[in-house]
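J.: Structure provided below as structure tokens; questions to follow.
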Amino acid sequence: MEQDAVIAVAEDILTRRYGGVQRLSDVTRLSGTGNAGVFRARVAHNPFLQHRSVVIKHAPETGYALDDAAFLREVVAYQFTTSLSSDVRPGPVLLGYDTAQRMLIISDSGDGDTLAAMLEVADQAQLVQIFRNLGTALGRMHAGTAGREEQFNVLFKRMTRSRTGAERIQQLRDRLLAHRIRLGLAMVEQAGIDIPNEVALTAANIQSRLLRGGVRAFTPFDLSPDNVLYTASGTQFLDYEWAGFRDATFDVAFVLAGFPLYISPQHYNEEASMAFIDAWLKEVADTWPLLKHEDTLQARITGALIGWALSSLSVLNPVALVEVVAGDDELAAEFESAGITVDDDVEEFDVDGARDVLRPSTQGPFTAAELMVREDLYEAFEALASYAGTGRDTAYLVISDFAHRVASRLR
């Protein structure tokens, strides 16, 4: 859909929602995810809509069922967060949407620096403060949304009820996150790297914890630095395509792991990481008193770090998902239950010319894409090694040694 057509649909949505005759002008295209078109526009002065500017996101269908399902999840997430009080709300307000046109309109967060931009130029003192502020913002979101999962689920069921197969596909998207952990562990084993029981048992446990149990709160789940915006009104978390209620320590681990699937200019930094954890814990300790126990906190964050490292390895695996599913009965059953045909309905992550990303450095040369993937995975496993190494129990030393061995394979 061309820009003029997108704006015309957005004006119609706002007019139906607020009345009057809504007009948008001074349209600017913003960066978006995938093939989505994202635009900022000024709202003509009128008594019906108080916002002076809005952001419009148009997410045309891709033909890939799992990717297309992200739009409904994002709408539900914005419905949920819009219902929260302003001191808890993690991002913009939903102003209108149309599922048939695959368009949503949210309030404009305004200009500000992204976390990505701030990390590019931060010195050590600034990095510590950035991470401390991020910990506080995350903690407030988690503490403010804990216990509200049923409210989110009601909205979700309402959105998917009338759409054939929509609920099953959404459930598959969630369960794939857990399967990725299991598949990543299998990749490590196939690469000839010994897996200690401490890692295998933790990986099995966190697959369950990701889907149910744990310390659960609302999370965008994709905390990529370019999706975190610092504005005059505070920290804003953007992009809710994977949002939902999950174990909140996965968000903590995502930051510590160097933002998996994103090449960060900053590697694991112990001082900044501890400042981040302390700030987050200060906000959530009353909500989840069990995290005040040092061993419990260490165990949960270490487990979540294992989850991110292994799942990142699986996501970046150049082997086509259709081949993985064909050789994995458990995963094949999931896709069949959701009515998904892998070779037709799933878009692959493409690493051009890549082979096994865990092959030793002596088996090079590596393409530029492979080197980028290996660097990202190295960051995740080195962060796991560093954080696990701070634990007092000998099990953490075993986990740390395992992570170091995987990281050394990537160097």
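Labels used: A, B, ... for chains in the order of the structure tokens, numbers from 1 for residues in each chain, and numbers from 1 for ligands as shown.
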Counting only C-alpha atoms, which residues of segment 179-256 of chain A sit at most 12 Å from some atom of segment 126-133 of chain A, and what is each one's closest atom pair with its distance in Å to one decimal, listed by chain and rising residue number, as JSON lines?

T.:
{"residue": "A:Pro225", "atom": "CA", "partner": "A:Phe131", "partner_atom": "CA", "distance": 11.5}
{"residue": "A:Val228", "atom": "CA", "partner": "A:Ile130", "partner_atom": "CA", "distance": 11.6}
{"residue": "A:Leu229", "atom": "CA", "partner": "A:Ile130", "partner_atom": "CA", "distance": 11.9}
{"residue": "A:Tyr230", "atom": "CA", "partner": "A:Asn133", "partner_atom": "CA", "distance": 10.0}
{"residue": "A:Gly234", "atom": "CA", "partner": "A:Asn133", "partner_atom": "CA", "distance": 9.9}
{"residue": "A:Thr235", "atom": "CA", "partner": "A:Asn133", "partner_atom": "CA", "distance": 8.5}
{"residue": "A:Gln236", "atom": "CA", "partner": "A:Asn133", "partner_atom": "CA", "distance": 11.8}
{"residue": "A:Val252", "atom": "CA", "partner": "A:Phe131", "partner_atom": "CA", "distance": 10.8}
{"residue": "A:Val255", "atom": "CA", "partner": "A:Phe131", "partner_atom": "CA", "distance": 8.8}
{"residue": "A:Leu256", "atom": "CA", "partner": "A:Phe131", "partner_atom": "CA", "distance": 9.7}

J.: With N, CA and C atoms retained, export the selected residues as a PDB file, in the first residue's frame.

T.:
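What ended up in selection12.pdb:
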ATOM      1  N   PRO A 225      18.224  -2.875  21.237  1.00  0.00           N
ATOM      2  CA  PRO A 225      18.499  -1.472  21.575  1.00  0.00           C
ATOM      3  C   PRO A 225      17.824  -0.445  20.670  1.00  0.00           C
ATOM      4  N   VAL A 228      14.284   0.545  22.069  1.00  0.00           N
ATOM      5  CA  VAL A 228      14.192   1.223  23.364  1.00  0.00           C
ATOM      6  C   VAL A 228      14.506   2.692  23.132  1.00  0.00           C
ATOM      7  N   LEU A 229      13.570   3.561  23.471  1.00  0.00           N
ATOM      8  CA  LEU A 229      13.686   4.983  23.171  1.00  0.00           C
ATOM      9  C   LEU A 229      13.661   5.792  24.459  1.00  0.00           C
ATOM     10  N   TYR A 230      14.617   6.699  24.597  1.00  0.00           N
ATOM     11  CA  TYR A 230      14.678   7.586  25.754  1.00  0.00           C
ATOM     12  C   TYR A 230      14.160   8.957  25.334  1.00  0.00           C
ATOM     13  N   GLY A 234      10.291   9.809  29.485  1.00  0.00           N
ATOM     14  CA  GLY A 234      10.805   8.595  30.100  1.00  0.00           C
ATOM     15  C   GLY A 234      11.184   7.536  29.072  1.00  0.00           C
ATOM     16  N   THR A 235      11.523   6.368  29.559  1.00  0.00           N
ATOM     17  CA  THR A 235      11.933   5.255  28.702  1.00  0.00           C
ATOM     18  C   THR A 235      10.710   4.625  28.049  1.00  0.00           C
ATOM     19  N   GLN A 236      10.782   4.434  26.750  1.00  0.00           N
ATOM     20  CA  GLN A 236       9.677   3.843  25.995  1.00  0.00           C
ATOM     21  C   GLN A 236      10.159   2.550  25.326  1.00  0.00           C
ATOM     22  N   VAL A 252      15.967  -9.688  31.803  1.00  0.00           N
ATOM     23  CA  VAL A 252      17.233  -9.350  32.448  1.00  0.00           C
ATOM     24  C   VAL A 252      18.379 -10.034  31.715  1.00  0.00           C
ATOM     25  N   VAL A 255      19.445  -8.530  28.265  1.00  0.00           N
ATOM     26  CA  VAL A 255      20.345  -7.375  28.346  1.00  0.00           C
ATOM     27  C   VAL A 255      21.760  -7.836  28.667  1.00  0.00           C
ATOM     28  N   LEU A 256      21.894  -8.714  29.659  1.00  0.00           N
ATOM     29  CA  LEU A 256      23.216  -9.183  30.058  1.00  0.00           C
ATOM     30  C   LEU A 256      23.914  -9.922  28.921  1.00  0.00           C
TER      31      LEU A 256
END

J.: Mind the document's chain letters and residue numbers, and return as an NGL selection string the residues of segment 85-150 of chain A that DSSP labels alpha helix (DSSP H).

T.: :A and (115-121 or 124-145 or 149-150)

J.: Applying 7 Å and only C-alpha atoms, which residues near Tyr378 of chain A remain after dropping the ones on its own chain fewer than 4 positions away? List them as a list in words.

T.: Arg374, Glu382, Ala407 and Leu410 of chain A

J.: Enumerate, in order of chain and increasing residue number, the residues of segment 110-214 of chain A with an atom no farther than 7 Å from segment 308-311 of chain A, each with its shortest atom pair and distance in Å to one decimal, counting only C-alpha atoms, as JSON lines.

T.:
{"residue": "A:Arg180", "atom": "CA", "partner": "A:Ser311", "partner_atom": "CA", "distance": 4.6}
{"residue": "A:Ile181", "atom": "CA", "partner": "A:Ser311", "partner_atom": "CA", "distance": 4.4}
{"residue": "A:Gly184", "atom": "CA", "partner": "A:Leu310", "partner_atom": "CA", "distance": 4.5}
{"residue": "A:Leu185", "atom": "CA", "partner": "A:Leu310", "partner_atom": "CA", "distance": 6.0}

J.: Check the DSSP output for the backbone and give back, as a list of chain:residue names, the residues of segment 95-137 of chain A in strand (DSSP E or B).

T.: A:Leu95, A:Gly96, A:Tyr97, A:Asp98, A:Met103, A:Leu104, A:Ile105, A:Ile106, A:Ser107, A:Asp113, A:Thr114

J.: Please dump the current selection as a short mmCIF file (atom, residue, chain, number, x, y, z; two decimals), in the first residue's frame; keep N, CA and C atoms.

T.:
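The new file again-v8.cif reads:
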data_model
loop_
_atom_site.label_atom_id
_atom_site.label_comp_id
_atom_site.auth_asym_id
_atom_site.auth_seq_id
_atom_site.Cartn_x
_atom_site.Cartn_y
_atom_site.Cartn_z
N LEU A 95 -4.32 4.22 19.68
CA LEU A 95 -5.38 5.17 19.34
C LEU A 95 -6.41 4.59 18.39
N GLY A 96 -6.02 3.57 17.64
CA GLY A 96 -6.96 2.95 16.72
C GLY A 96 -6.28 1.83 15.94
N TYR A 97 -7.09 0.94 15.39
CA TYR A 97 -6.53 -0.15 14.59
C TYR A 97 -7.60 -0.72 13.69
N ASP A 98 -7.16 -1.45 12.67
CA ASP A 98 -8.05 -2.14 11.76
C ASP A 98 -7.36 -3.44 11.37
N MET A 103 -3.49 -2.44 10.14
CA MET A 103 -2.96 -1.13 10.46
C MET A 103 -3.27 -0.78 11.91
N LEU A 104 -2.30 -0.19 12.60
CA LEU A 104 -2.55 0.32 13.94
C LEU A 104 -1.97 1.72 14.05
N ILE A 105 -2.59 2.52 14.92
CA ILE A 105 -2.19 3.91 15.12
C ILE A 105 -1.93 4.10 16.60
N ILE A 106 -0.75 4.60 16.93
CA ILE A 106 -0.37 4.79 18.33
C ILE A 106 0.07 6.24 18.55
N SER A 107 0.13 6.62 19.82
CA SER A 107 0.60 7.96 20.14
C SER A 107 2.08 8.09 19.78
N ASP A 113 16.71 9.68 21.93
CA ASP A 113 17.81 8.80 21.54
C ASP A 113 17.42 7.35 21.78
N THR A 114 17.76 6.49 20.85
CA THR A 114 17.56 5.07 21.07
C THR A 114 18.68 4.54 21.96
#

J.: Quick one: residues within 12 Å of Trp280 of chain A, only C-alpha atoms, excluding same-chain residues fewer than 5 positions away - as a list in words?

T.: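 Final neighbour list, sorted by chain and number: Phe131, Arg132, Asn133, Leu134, Gly135, Thr136, Ala137, Leu138, Gly139, Arg140, Met141, His142, Ala143, Ala248, Thr249, Asp251, Val252, Ala253, Val255, Ser273, Met274, Ala275, Ala285, Asp286, Thr287, Trp288, Leu291, Lys292 and Leu297 of chain A.
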
J.: Let me make sure I understand: among A:Ala217, A:Met372, A:Ala395, A:Ile306, which one has the smallest atom-to-atom distance to Gly144 of chain A if we use only C-alpha atoms?

T.: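 Among the listed residues, A:Ala217 lies closest to Gly144 of chain A.
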
J.: Find the residues near Asp174 of chain A: any atom within 10 Å, counting only C-alpha atoms, skip ones fewer than 3 places away on the same chain, and give them as number ranges by chain.

T.: A: 168-171, 177-179, 210-211, 242-244, 246

J.: Find, counting only C-alpha atoms, the residue in A:Leu119, A:Pro196, A:Val75, A:Gln124 that gets nearest to Leu155 of chain A.

T.: A:Val75

J.: Just the residues within 9 Å of segment 45-56 of chain A, please, counting only C-alpha atoms, with nothing from its chain fewer than 4 positions along; format it as JSON, numbers by chain.

T.: {"A": [6, 7, 10, 14, 18, 19, 20, 21, 22, 23, 24, 30, 37, 38, 39, 40, 41, 95, 103, 104, 105, 106, 107, 108, 109, 110]}

J.: Got a sec: who's within 7 Å of Ala257 of chain A, counting only C-alpha atoms, leaving out chain neighbours fewer than 5 positions off, as a list in words?

T.: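 My reading of the contact set: Leu305, Glu379, Ala380, Ala383 and Leu384 of chain A.
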
J.: Would you please work out which residue, of A:Thr367, A:Ser208, A:Ser25, A:Ser386, is nearest to His267 of chain A when using only C-alpha atoms?

T.: A:Ser386

J.: Please identify every residue of segment 101-187 of chain A that has at least one atom no farther than 10 Å from an atom of segment 63-70 of chain A, counting only C-alpha atoms, and for each give the shortest atom pair and the distance in Å to one decimal, arranged by chain then increasing number, as a tab-separated table.

T.:
residue	atom	partner	partner_atom	distance
A:Arg102	CA	A:Asp68	CA	9.5
A:Ala166	CA	A:Ala69	CA	7.4
A:Glu167	CA	A:Ala69	CA	9.4
A:Ile169	CA	A:Leu66	CA	6.8
A:Gln170	CA	A:Ala69	CA	6.7
A:Leu172	CA	A:Leu66	CA	8.3
A:Arg173	CA	A:Leu66	CA	6.7
